[in-house]
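Student: Provided below: upload17.cif, containing mmCIF, C-alpha atoms and all ligand atoms.
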data_coords
#
loop_
_atom_site.label_atom_id
_atom_site.label_comp_id
_atom_site.auth_asym_id
_atom_site.auth_seq_id
_atom_site.Cartn_x
_atom_site.Cartn_y
_atom_site.Cartn_z
CA MET F 156 -13.36 31.86 -22.17
CA GLU F 157 -10.71 33.31 -19.86
CA GLU F 158 -7.46 31.39 -19.16
CA LYS F 159 -7.77 28.96 -16.26
CA ASN F 160 -4.12 28.88 -15.23
CA SER F 161 -2.91 29.51 -11.70
CA VAL F 162 0.56 29.69 -10.17
CA ARG F 163 -0.47 26.77 -7.96
CA THR F 164 -0.26 23.10 -8.92
CA GLY F 165 -3.46 21.91 -7.25
CA THR F 166 -5.61 24.39 -9.14
CA ASN F 167 -3.76 23.67 -12.39
CA SER F 168 -4.25 19.91 -11.99
CA VAL F 169 -7.98 20.59 -11.97
CA TRP F 170 -8.38 23.41 -14.51
CA ALA F 171 -5.37 23.84 -16.78
CA GLY F 172 -5.28 22.88 -20.43
CA GLU F 173 -9.00 22.28 -20.86
CA LYS F 174 -10.78 25.46 -21.95
CA ASP F 175 -9.79 25.34 -25.66
CA TYR F 176 -11.24 21.85 -26.00
CA LEU F 177 -14.62 22.16 -24.29
CA ALA F 178 -17.53 21.91 -26.76
CA HIS F 179 -21.27 22.75 -26.66
CA GLY F 180 -21.00 24.27 -23.18
CA ALA F 181 -19.82 20.98 -21.72
CA THR F 182 -17.73 21.25 -18.55
CA GLN F 183 -15.60 18.20 -19.42
CA VAL F 184 -13.18 17.60 -22.29
CA PRO F 185 -14.80 15.34 -24.91
CA VAL F 186 -13.23 12.12 -26.20
CA VAL F 187 -12.79 12.78 -29.92
CA HIS F 188 -12.56 9.39 -31.58
CA SER F 189 -12.39 10.74 -35.13
CA VAL F 190 -9.38 9.48 -37.12
CA ALA F 191 -9.51 12.31 -39.69
CA TYR F 192 -10.87 15.86 -40.00
CA ASN F 193 -13.06 17.25 -42.73
CA TYR F 194 -12.13 20.32 -44.80
CA ASN F 195 -14.32 21.69 -47.59
CA ASP F 196 -11.93 24.56 -48.11
CA VAL F 197 -8.72 23.32 -49.71
CA ASP F 198 -6.77 26.42 -48.70
CA GLU F 199 -7.75 26.07 -45.03
CA TRP F 200 -6.87 22.36 -45.15
CA TYR F 201 -3.48 23.22 -46.63
CA GLU F 202 -2.83 25.83 -43.92
CA VAL F 203 -3.64 23.37 -41.14
CA ALA F 204 -1.53 20.64 -42.79
CA THR F 205 1.46 22.95 -43.00
CA GLY F 206 1.05 24.20 -39.43
CA LYS F 207 0.09 27.77 -40.38
CA ARG F 208 -3.35 27.45 -38.80
CA LYS F 209 -4.57 25.58 -35.68
CA GLY F 210 -6.47 22.35 -36.35
CA HIS F 211 -6.18 18.64 -36.88
CA ILE F 212 -5.58 16.47 -39.94
CA TYR F 213 -5.13 12.84 -38.91
CA GLY F 214 -5.17 10.99 -35.60
CA ARG F 215 -1.61 9.72 -35.74
CA ASN F 216 -0.45 13.34 -35.72
CA THR F 217 -2.77 15.20 -33.35
CA ASN F 218 -6.13 14.83 -31.61
CA PRO F 219 -8.06 17.40 -29.51
CA THR F 220 -8.45 15.17 -26.41
CA VAL F 221 -4.79 14.19 -26.55
CA GLN F 222 -3.77 17.83 -26.98
CA SER F 223 -5.77 18.86 -23.92
CA PHE F 224 -3.81 16.27 -21.90
CA GLU F 225 -0.52 17.61 -23.32
CA ASP F 226 -1.51 21.20 -22.42
CA LYS F 227 -2.33 20.21 -18.84
CA VAL F 228 1.04 18.52 -18.30
CA LYS F 229 2.84 21.37 -20.11
CA ILE F 230 1.41 23.91 -17.65
CA LEU F 231 2.14 21.73 -14.61
CA GLU F 232 5.77 21.29 -15.74
CA GLN F 233 6.05 25.02 -16.58
CA ALA F 234 7.14 24.09 -20.11
CA GLU F 235 6.96 25.84 -23.46
CA ALA F 236 5.71 22.67 -25.20
CA ALA F 237 4.65 19.06 -24.59
CA THR F 238 3.92 16.05 -26.76
CA SER F 239 2.51 12.64 -25.85
CA PHE F 240 2.95 8.94 -26.60
CA SER F 241 1.20 5.58 -26.36
CA THR F 242 3.34 4.62 -23.33
CA GLY F 243 6.12 5.94 -21.13
CA MET F 244 8.63 3.69 -22.90
CA ALA F 245 7.57 5.16 -26.26
CA ALA F 246 8.20 8.64 -24.82
CA ILE F 247 11.69 7.55 -23.75
CA SER F 248 12.69 5.66 -26.91
CA ASN F 249 11.24 8.26 -29.32
CA SER F 250 12.99 11.10 -27.48
CA LEU F 251 16.34 9.26 -27.51
CA LEU F 252 16.06 8.31 -31.18
CA THR F 253 15.10 11.86 -32.16
CA ILE F 254 18.41 13.30 -31.02
CA LEU F 255 20.94 10.42 -31.10
CA LYS F 256 22.90 9.24 -34.13
CA PRO F 257 25.69 6.69 -34.65
CA GLY F 258 28.93 7.74 -32.95
CA ASP F 259 27.16 9.73 -30.18
CA ARG F 260 27.91 9.12 -26.54
CA ILE F 261 25.43 9.31 -23.66
CA VAL F 262 26.01 9.29 -19.90
CA SER F 263 23.38 7.89 -17.55
CA ILE F 264 22.99 6.01 -14.29
CA LYS F 265 22.96 2.26 -13.60
CA ASP F 266 19.53 1.99 -12.02
CA THR F 267 17.17 3.58 -14.48
CA TYR F 268 13.78 1.92 -15.04
CA GLY F 269 14.27 -1.65 -16.37
CA GLY F 270 12.94 -0.85 -19.86
CA THR F 271 15.15 2.23 -20.15
CA ASN F 272 18.11 0.15 -19.04
CA LYS F 273 17.30 -2.33 -21.84
CA ILE F 274 17.36 0.47 -24.42
CA PHE F 275 20.79 1.45 -23.11
CA SER F 276 22.20 -2.09 -23.00
CA GLU F 277 20.54 -3.67 -26.04
CA PHE F 278 19.23 -1.20 -28.62
CA LEU F 279 21.48 1.87 -28.54
CA PRO F 280 24.76 -0.10 -28.81
CA ARG F 281 23.34 -1.70 -31.99
CA LEU F 282 23.21 1.80 -33.51
CA ASN F 283 26.83 2.36 -32.53
CA ILE F 284 25.84 4.73 -29.72
CA ASP F 285 28.17 4.59 -26.74
CA VAL F 286 26.34 4.37 -23.40
CA GLU F 287 28.25 5.06 -20.17
CA LEU F 288 26.34 4.06 -17.03
CA VAL F 289 27.70 5.31 -13.72
CA GLU F 290 26.86 4.26 -10.16
CA THR F 291 23.64 6.04 -9.22
CA GLY F 292 24.33 8.82 -6.73
CA ASN F 293 28.08 8.96 -7.48
CA HIS F 294 28.11 12.57 -8.65
CA GLU F 295 31.93 12.82 -8.94
CA GLU F 296 32.10 9.84 -11.31
CA MET F 297 29.23 11.21 -13.35
CA GLU F 298 30.86 14.64 -13.67
CA LYS F 299 34.08 12.96 -14.79
CA GLU F 300 32.28 10.97 -17.50
CA ILE F 301 30.33 14.02 -18.68
CA ALA F 302 33.53 16.10 -18.91
CA LYS F 303 34.91 13.59 -21.44
CA GLY F 304 32.18 14.88 -23.77
CA CYS F 305 28.72 13.54 -24.59
CA LYS F 306 25.58 14.37 -26.55
CA LEU F 307 23.13 13.59 -23.75
CA VAL F 308 22.94 13.11 -19.99
CA TYR F 309 19.95 10.97 -19.07
CA LEU F 310 18.69 11.04 -15.47
CA GLU F 311 15.89 9.43 -13.53
CA THR F 312 15.32 10.75 -10.01
CA PRO F 313 14.07 9.29 -7.74
CA THR F 314 14.98 5.92 -9.26
CA ASN F 315 13.02 2.73 -9.54
CA PRO F 316 13.06 0.69 -7.27
CA THR F 317 15.71 1.81 -4.74
CA VAL F 318 14.55 5.46 -4.75
CA LYS F 319 18.02 7.00 -5.17
CA ILE F 320 18.34 10.71 -5.92
CA THR F 321 20.59 12.59 -8.32
CA ASP F 322 21.35 16.29 -7.81
CA ILE F 323 19.74 17.74 -10.95
CA VAL F 324 21.28 21.24 -10.67
CA ARG F 325 24.80 19.88 -10.12
CA ILE F 326 24.70 17.39 -13.00
CA THR F 327 23.01 19.88 -15.36
CA LYS F 328 25.86 22.35 -14.72
CA ALA F 329 28.39 19.67 -15.72
CA ALA F 330 26.36 18.83 -18.83
CA LYS F 331 26.08 22.44 -19.97
CA LYS F 332 29.88 22.80 -19.85
CA VAL F 333 30.15 20.24 -22.67
CA ASN F 334 26.96 21.40 -24.44
CA ALA F 335 25.14 18.16 -23.65
CA LEU F 336 21.37 17.94 -23.42
CA VAL F 337 19.81 16.73 -20.14
CA PHE F 338 16.72 14.53 -20.03
CA VAL F 339 15.01 13.66 -16.71
CA ASP F 340 12.48 10.89 -16.16
CA ASN F 341 10.20 12.62 -13.62
CA THR F 342 7.70 9.76 -13.24
CA PHE F 343 8.34 9.09 -9.55
CA ALA F 344 8.44 12.73 -8.42
CA THR F 345 5.45 13.96 -10.49
CA PRO F 346 5.14 17.69 -11.35
CA ILE F 347 3.71 18.19 -7.85
CA ASN F 348 7.07 17.46 -6.20
CA GLN F 349 9.65 18.38 -8.81
CA ASN F 350 9.88 20.55 -11.96
CA PRO F 351 13.23 19.69 -13.59
CA LEU F 352 12.81 22.30 -16.36
CA THR F 353 13.04 25.05 -13.75
CA LEU F 354 16.39 23.51 -12.69
CA GLY F 355 17.88 23.92 -16.18
CA VAL F 356 17.02 20.53 -17.70
CA ASP F 357 16.11 20.30 -21.42
CA LEU F 358 13.45 17.60 -21.40
CA VAL F 359 11.14 16.11 -18.77
CA ILE F 360 9.70 12.66 -19.40
CA HIS F 361 6.74 10.98 -17.68
CA SER F 362 5.18 7.60 -17.83
CA ALA F 363 1.62 8.95 -17.56
CA THR F 364 0.55 5.38 -16.82
CA LYS F 365 1.68 5.84 -13.25
CA PHE F 366 0.97 8.87 -11.00
CA LEU F 367 -0.45 11.22 -13.67
CA GLY F 368 -3.26 8.80 -14.55
CA GLY F 369 -3.27 7.37 -11.04
CA HIS F 370 -5.94 4.71 -11.57
CA ALA F 371 -4.01 1.96 -13.38
CA ASP F 372 -6.48 1.93 -16.27
CA ALA F 373 -4.67 3.74 -19.09
CA LEU F 374 -1.21 3.70 -20.68
CA GLY F 375 0.53 6.87 -21.77
CA GLY F 376 3.72 8.90 -21.94
CA VAL F 377 4.53 12.59 -22.26
CA VAL F 378 7.58 14.83 -22.68
CA CYS F 379 7.94 18.57 -21.96
CA GLY F 380 10.59 21.08 -22.96
CA SER F 381 11.39 23.89 -25.38
CA LYS F 382 9.22 24.19 -28.48
CA GLU F 383 12.21 23.43 -30.70
CA LEU F 384 13.14 20.18 -28.96
CA VAL F 385 9.54 19.02 -28.43
CA ASP F 386 8.66 19.76 -32.09
CA ALA F 387 11.55 17.55 -33.22
CA ILE F 388 10.41 14.72 -30.93
CA TYR F 389 6.79 15.20 -32.05
CA HIS F 390 7.93 14.87 -35.68
CA TYR F 391 9.71 11.58 -34.91
CA ARG F 392 6.61 10.27 -33.12
CA GLU F 393 4.04 11.38 -35.73
CA ILE F 394 5.99 9.45 -38.40
CA ASN F 395 6.89 6.42 -36.29
CA GLY F 396 3.38 6.21 -34.86
CA ALA F 397 3.55 5.65 -31.07
CA THR F 398 0.50 7.93 -30.64
CA MET F 399 -1.56 8.24 -27.47
CA ASP F 400 -5.14 6.98 -27.78
CA PRO F 401 -7.85 9.63 -27.14
CA MET F 402 -9.64 7.39 -24.62
CA ALA F 403 -6.39 7.00 -22.68
CA ALA F 404 -5.89 10.78 -22.83
CA TYR F 405 -9.40 11.29 -21.43
CA LEU F 406 -8.85 8.85 -18.57
CA ILE F 407 -5.51 10.44 -17.70
CA ILE F 408 -7.01 13.97 -17.80
CA ARG F 409 -9.69 12.77 -15.40
CA GLY F 410 -7.06 11.18 -13.18
CA MET F 411 -4.94 14.31 -13.21
CA LYS F 412 -7.69 16.40 -11.66
CA THR F 413 -6.89 14.71 -8.34
CA LEU F 414 -3.12 14.52 -8.93
CA GLN F 415 -2.17 16.85 -6.08
CA LEU F 416 -4.67 15.33 -3.62
CA ARG F 417 -3.47 11.83 -4.42
CA VAL F 418 0.25 12.63 -4.27
CA GLU F 419 -0.15 14.43 -0.93
CA LYS F 420 -1.97 11.46 0.59
CA GLN F 421 0.35 8.89 -1.01
CA GLN F 422 3.48 10.55 0.36
CA GLU F 423 1.96 10.99 3.80
CA ASN F 424 1.20 7.24 3.77
CA ALA F 425 4.62 6.35 2.33
CA TRP F 426 6.33 8.36 5.07
CA LYS F 427 4.39 6.61 7.83
CA VAL F 428 4.92 3.17 6.27
CA ALA F 429 8.68 3.84 5.95
CA GLN F 430 8.90 4.87 9.61
CA PHE F 431 6.93 1.81 10.71
CA LEU F 432 9.05 -0.60 8.66
CA GLN F 433 12.29 0.95 9.81
CA GLN F 434 11.73 -0.12 13.41
CA HIS F 435 10.39 -3.61 12.55
CA ASP F 436 12.73 -6.53 13.37
CA LYS F 437 11.86 -8.54 10.21
CA ILE F 438 13.13 -5.71 8.00
CA GLU F 439 16.72 -5.55 6.76
CA ALA F 440 16.61 -2.08 5.15
CA VAL F 441 14.13 0.61 4.10
CA PHE F 442 14.73 2.94 1.16
CA TYR F 443 12.73 6.19 1.26
CA PRO F 444 14.21 9.63 0.45
CA GLY F 445 12.22 11.18 3.30
CA LEU F 446 14.14 9.18 5.92
CA GLU F 447 17.09 11.01 7.42
CA ASN F 448 19.29 7.92 7.03
CA HIS F 449 18.60 7.73 3.26
CA ILE F 450 21.90 8.28 1.40
CA ASN F 451 20.49 11.14 -0.67
CA HIS F 452 18.12 12.68 1.90
CA ASP F 453 19.82 16.11 1.73
CA ILE F 454 19.59 16.35 -2.08
CA ALA F 455 15.96 15.21 -1.97
CA LYS F 456 15.18 17.89 0.62
CA LYS F 457 16.77 20.54 -1.58
CA GLN F 458 15.21 19.68 -4.96
CA MET F 459 11.84 18.09 -4.13
CA LYS F 460 8.74 19.64 -2.56
CA GLY F 461 7.72 16.26 -1.14
CA PHE F 462 9.39 12.84 -0.99
CA GLY F 463 6.80 10.96 -3.06
CA GLY F 464 4.70 7.83 -2.64
CA MET F 465 7.35 5.25 -3.55
CA LEU F 466 9.55 3.27 -1.20
CA SER F 467 11.20 -0.11 -1.14
CA PHE F 468 12.42 -2.43 1.57
CA ALA F 469 14.44 -5.60 1.92
CA LEU F 470 13.10 -8.36 4.13
CA LYS F 471 15.39 -10.42 6.35
CA GLY F 472 15.29 -13.91 4.84
CA GLU F 473 15.33 -12.62 1.26
CA MET F 474 13.17 -14.27 -1.41
CA GLU F 475 11.78 -16.97 0.87
CA ALA F 476 10.50 -14.29 3.27
CA VAL F 477 9.05 -12.33 0.33
CA ARG F 478 7.24 -15.48 -0.82
CA GLN F 479 5.56 -15.81 2.58
CA PHE F 480 4.94 -12.10 3.12
CA LEU F 481 3.38 -10.86 -0.13
CA PRO F 482 0.33 -13.17 -0.33
CA LYS F 483 -0.65 -12.13 3.22
CA LEU F 484 -1.20 -8.47 2.31
CA LYS F 485 -4.89 -7.68 2.07
CA PHE F 486 -4.87 -4.02 1.01
CA ALA F 487 -2.27 -4.25 -1.76
CA HIS F 488 -2.27 -5.44 -5.34
CA ARG F 489 0.63 -7.72 -6.15
CA ALA F 490 1.14 -6.19 -9.55
CA ALA F 491 3.68 -4.67 -11.93
CA ASN F 492 2.41 -1.14 -11.52
CA LEU F 493 2.86 1.90 -9.31
CA GLY F 494 1.40 5.32 -8.62
CA ALA F 495 -2.22 4.13 -8.43
CA VAL F 496 -4.83 4.92 -5.76
CA GLU F 497 -4.54 1.34 -4.50
CA THR F 498 -1.36 0.34 -2.69
CA THR F 499 0.65 -1.86 -5.03
CA VAL F 500 3.56 -4.11 -4.13
CA GLY F 501 5.93 -6.34 -6.01
CA PRO F 502 9.44 -7.74 -5.88
CA ALA F 503 11.82 -5.78 -8.17
CA ARG F 504 12.59 -9.04 -9.92
CA THR F 505 9.02 -9.39 -11.20
CA THR F 506 8.27 -5.68 -11.74
CA SER F 507 10.69 -2.92 -12.72
CA HIS F 508 13.62 -5.22 -13.48
CA VAL F 509 11.89 -8.33 -14.81
CA GLU F 510 13.76 -7.85 -18.12
CA ASN F 511 17.11 -8.22 -16.35
CA THR F 512 18.92 -11.43 -15.38
CA PRO F 513 19.78 -12.08 -11.68
CA GLU F 514 23.41 -11.17 -12.52
CA GLU F 515 22.31 -7.89 -14.10
CA ARG F 516 20.11 -7.07 -11.09
CA ALA F 517 23.02 -7.77 -8.73
CA ALA F 518 25.21 -5.46 -10.82
CA LEU F 519 22.50 -2.79 -10.52
CA GLY F 520 22.55 -3.13 -6.72
CA ILE F 521 19.03 -4.55 -6.46
CA PRO F 522 18.70 -7.22 -3.72
CA GLU F 523 16.68 -10.27 -4.87
CA GLY F 524 14.49 -9.91 -1.75
CA LEU F 525 13.62 -6.27 -2.39
CA VAL F 526 9.94 -5.30 -2.25
CA ARG F 527 8.76 -2.18 -4.05
CA TYR F 528 5.89 -0.44 -2.28
CA SER F 529 3.72 2.15 -3.98
CA ALA F 530 1.59 3.71 -1.26
CA GLY F 531 -2.04 4.23 -2.17
CA ILE F 532 -4.57 6.62 -0.69
CA GLU F 533 -6.07 4.19 1.82
CA ASP F 534 -6.39 5.01 5.52
CA ILE F 535 -2.95 4.62 7.07
CA GLU F 536 -4.25 2.55 10.01
CA ASP F 537 -5.30 -0.20 7.58
CA LEU F 538 -1.99 -0.13 5.69
CA LEU F 539 0.07 -0.37 8.89
CA TYR F 540 -2.08 -3.11 10.40
CA ASP F 541 -1.89 -5.01 7.12
CA LEU F 542 1.90 -4.78 6.97
CA LYS F 543 2.21 -5.82 10.62
CA GLN F 544 0.12 -8.98 10.26
CA ALA F 545 1.91 -9.96 7.02
CA LEU F 546 5.35 -9.44 8.60
CA ASP F 547 4.31 -11.37 11.73
CA SER F 548 3.34 -14.34 9.53
CA ILE F 549 6.89 -14.79 8.19
CA LYS F 550 8.48 -17.92 9.71
CA ALA F 551 12.26 -17.89 10.09
C1 LIG Z 1 6.67 2.63 -15.74
C2 LIG Z 1 7.85 3.51 -15.95
C3 LIG Z 1 8.31 3.79 -17.25
C4 LIG Z 1 7.68 3.17 -18.48
O1 LIG Z 1 6.37 3.57 -18.65
P1 LIG Z 1 5.26 2.70 -19.43
O2 LIG Z 1 4.09 3.60 -19.47
O3 LIG Z 1 5.05 1.45 -18.66
O4 LIG Z 1 5.83 2.40 -20.78
C5 LIG Z 1 9.38 4.64 -17.38
N1 LIG Z 1 9.99 5.19 -16.31
C6 LIG Z 1 9.59 4.94 -15.05
C7 LIG Z 1 10.29 5.58 -13.91
C8 LIG Z 1 8.50 4.10 -14.83
O5 LIG Z 1 8.10 3.84 -13.57
#
Please re-express this file's structure in structure tokens.
Ligand SMILES: *Cc1c(COP(=O)(O)O)cnc(C)c1O
Tutor:
Amino acid sequence: MEEKNSVRTGTNSVWAGEKDYLAHGATQVPVVHSVAYNYNDVDEWYEVATGKRKGHIYGRNTNPTVQSFEDKVKILEQAEAATSFSTGMAAISNSLLTILKPGDRIVSIKDTYGGTNKIFSEFLPRLNIDVELVETGNHEEMEKEIAKGCKLVYLETPTNPTVKITDIVRITKAAKKVNALVFVDNTFATPINQNPLTLGVDLVIHSATKFLGGHADALGGVVCGSKELVDAIYHYREINGATMDPMAAYLIIRGMKTLQLRVEKQQENAWKVAQFLQQHDKIEAVFYPGLENHINHDIAKKQMKGFGGMLSFALKGEMEAVRQFLPKLKFAHRAANLGAVETTVGPARTTSHVENTPEERAALGIPEGLVRYSAGIEDIEDLLYDLKQALDSIKA
């Protein structure tokens, strides 16, 4: 069958990466649950096992459904190669452990995803890896730390939960001067809004659990980059075993068909919610990169095609106000998830940064009364009415 790749992301979300995996004339990628693959011909088996011929050997290594998912993301991220994982955190930890060794130094930002931050603060130091975390958005400080020399620069932009932005081109330039690799967690932006590989980055990481899947019913992770780097990470993962399940791959492929539609609607809703909250007198602050008063609005405008579906806001009255406000929302799950078709809300202290102590959260610049809001695809009138009645119910 002919290639089904376009230069446009909406078409690729629907068609890309599937044609090699369709069987028996089916129009949908099958879920291949087989653990192992049968070879009567020992020579053919040997060729597949040694990578000289296409095929599959054992489910911990590769699987056709999982590969179709990887191909779809690879095309959307305009990458040479992609490999997948059981979760986003597995994608992050496996990628870090593939390239880092004792004595290495990495430079990153303070407000990465809570789990990533735990790897930096707890697990990497144990391996005698030096982690330097700079204030998110302080590009001068970051350039200074990078210039001292490092193996890796690790970015996440926009960040979770305060939606701060790092200038990818600027920081990548600094990293290349000292021959450092650059990894970017692109979970919040999605390939619809941002393609870090085209900005010179070495590896793009996604928690596929979030926007890629979009339906909060499957866990997964994926990384994209050069064949050389991705092959090395794949090798670490195939041995260490954090493999994506074929059923999860199938669900995420199905979710990805509507990726562009969902992201467009989610960011339209997020934008309207941010504007509404900004003028509400019970709101202390709103963080959304699409707002002109957002500290990194100009960078976001330059490097992103859209501002995404994530925002956060601080209520006047802090945690007590949050306690009154959240249960009143009708069209929102109070849950530790984001990027789904349903609007999902949660305080940072029970979601992204639940692993951190109050002192650690304060050091990361996360107010205890901060609410993270992942806009769904509902009708905006319902979301705004819902927010209004919940805010009105807060007693001073
Ligand atoms: C959720 C998330 C992760 C971790 O992904 P899991 O699939 O939950 O392991 C990493 N980075 C960001 C930005 C996330 O939102």
Student: Please measure the separation of CA of Lys331 (chain F) and CA of Glu383 (chain F), giving the value in Å to one decimal.
Tutor: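 CA of Lys331 (chain F) sits 17.6 Å away from CA of Glu383 (chain F).
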Student: Ligand LIG 1 (chain Z): which residues are within 8 Å, counting all atoms listed in the file, as a list in words?
Tutor: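 After applying the 8 Å limit, what remains is Ser241, Thr242, Gly243, Met244, Ala245, Ala246, Ile247, Thr267, Tyr268, Gly270, Thr271, Glu311, Thr314, Asn315, Asp340, Asn341, Thr342, Phe343, His361, Ser362, Ala363, Thr364, Lys365, Leu374, Gly375, Gly376, Asn492, Leu493 and Ser507 of chain F.
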Student: Write out as a PyMOL selection string the residues lying within 8 Å of region 191-194 of chain F, counting all atoms listed in the file and excluding same-chain residues fewer than 5 positions away.
Tutor: chain F and resi 199-200+211-214
Student: Can I get the selected residues back with C-alpha atoms, as a JSON list (two decimals), in the frame of the given file?
Tutor:
[["chain", "number", "residue", "atom", "x", "y", "z"],
["F", 199, "GLU", "CA", -7.75, 26.07, -45.03],
["F", 200, "TRP", "CA", -6.87, 22.36, -45.15],
["F", 211, "HIS", "CA", -6.18, 18.64, -36.88],
["F", 212, "ILE", "CA", -5.58, 16.47, -39.94],
["F", 213, "TYR", "CA", -5.13, 12.84, -38.91],
["F", 214, "GLY", "CA", -5.17, 10.99, -35.60]]
Student: Looking at all atoms listed in the file, which of F:Val496, F:Ile532, F:Leu252, F:Ala181 is the one that sits closest to His390 (chain F)?
Tutor: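 With all atoms listed in the file as the atom set, the closest residue is F:Leu252.
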Student: Could you state the separation of CA of Thr413 (chain F) and CA of Ala429 (chain F) in Å, given to one decimal place?
Tutor: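 Computing the Euclidean distance for CA of Thr413 (chain F) and CA of Ala429 (chain F) yields 23.8 Å.
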Student: What is the CA of Trp426 (chain F) to CA of Gly269 (chain F) distance in Å?
Tutor: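 We find that CA of Trp426 (chain F) and CA of Gly269 (chain F) lie 25.0 Å from each other.
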Student: Take region 401-420 of chain F, bring it up to N, CA and C atoms, and give me the output as a compact mmCIF listing (two decimals), keeping the file's coordinate frame.
Tutor:
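The resulting file, selection02.txt, is shown below:
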# COMPACT_ATOMS: atom_id res chain seq x y z
N PRO F 401 -7.02 8.59 -27.77
CA PRO F 401 -7.85 9.63 -27.14
C PRO F 401 -8.57 9.17 -25.88
N MET F 402 -8.96 7.90 -25.83
CA MET F 402 -9.64 7.39 -24.62
C MET F 402 -8.65 7.37 -23.44
N ALA F 403 -7.43 6.98 -23.73
CA ALA F 403 -6.39 7.00 -22.68
C ALA F 403 -6.16 8.44 -22.23
N ALA F 404 -6.11 9.37 -23.18
CA ALA F 404 -5.89 10.78 -22.83
C ALA F 404 -7.02 11.26 -21.92
N TYR F 405 -8.24 10.90 -22.26
CA TYR F 405 -9.40 11.29 -21.43
C TYR F 405 -9.29 10.74 -20.01
N LEU F 406 -8.96 9.46 -19.90
CA LEU F 406 -8.85 8.85 -18.57
C LEU F 406 -7.73 9.50 -17.75
N ILE F 407 -6.64 9.84 -18.43
CA ILE F 407 -5.51 10.44 -17.70
C ILE F 407 -5.84 11.88 -17.31
N ILE F 408 -6.54 12.62 -18.17
CA ILE F 408 -7.01 13.97 -17.80
C ILE F 408 -7.88 13.87 -16.55
N ARG F 409 -8.80 12.93 -16.56
CA ARG F 409 -9.69 12.77 -15.40
C ARG F 409 -8.89 12.42 -14.16
N GLY F 410 -7.92 11.53 -14.31
CA GLY F 410 -7.06 11.18 -13.18
C GLY F 410 -6.29 12.38 -12.67
N MET F 411 -5.80 13.20 -13.61
CA MET F 411 -4.94 14.31 -13.21
C MET F 411 -5.65 15.38 -12.39
N LYS F 412 -6.96 15.41 -12.47
CA LYS F 412 -7.69 16.40 -11.66
C LYS F 412 -7.43 16.21 -10.17
N THR F 413 -7.17 14.98 -9.77
CA THR F 413 -6.89 14.71 -8.34
C THR F 413 -5.40 14.46 -8.10
N LEU F 414 -4.55 14.82 -9.06
CA LEU F 414 -3.12 14.52 -8.93
C LEU F 414 -2.54 15.02 -7.60
N GLN F 415 -2.78 16.28 -7.30
CA GLN F 415 -2.17 16.85 -6.08
C GLN F 415 -2.72 16.18 -4.81
N LEU F 416 -4.04 16.01 -4.78
CA LEU F 416 -4.67 15.33 -3.62
C LEU F 416 -4.08 13.95 -3.41
N ARG F 417 -3.97 13.20 -4.51
CA ARG F 417 -3.47 11.83 -4.42
C ARG F 417 -2.02 11.81 -3.95
N VAL F 418 -1.19 12.64 -4.61
CA VAL F 418 0.25 12.63 -4.27
C VAL F 418 0.46 13.02 -2.81
N GLU F 419 -0.29 14.01 -2.34
CA GLU F 419 -0.15 14.43 -0.93
C GLU F 419 -0.48 13.28 0.02
N LYS F 420 -1.57 12.57 -0.28
CA LYS F 420 -1.97 11.46 0.59
C LYS F 420 -1.00 10.28 0.46
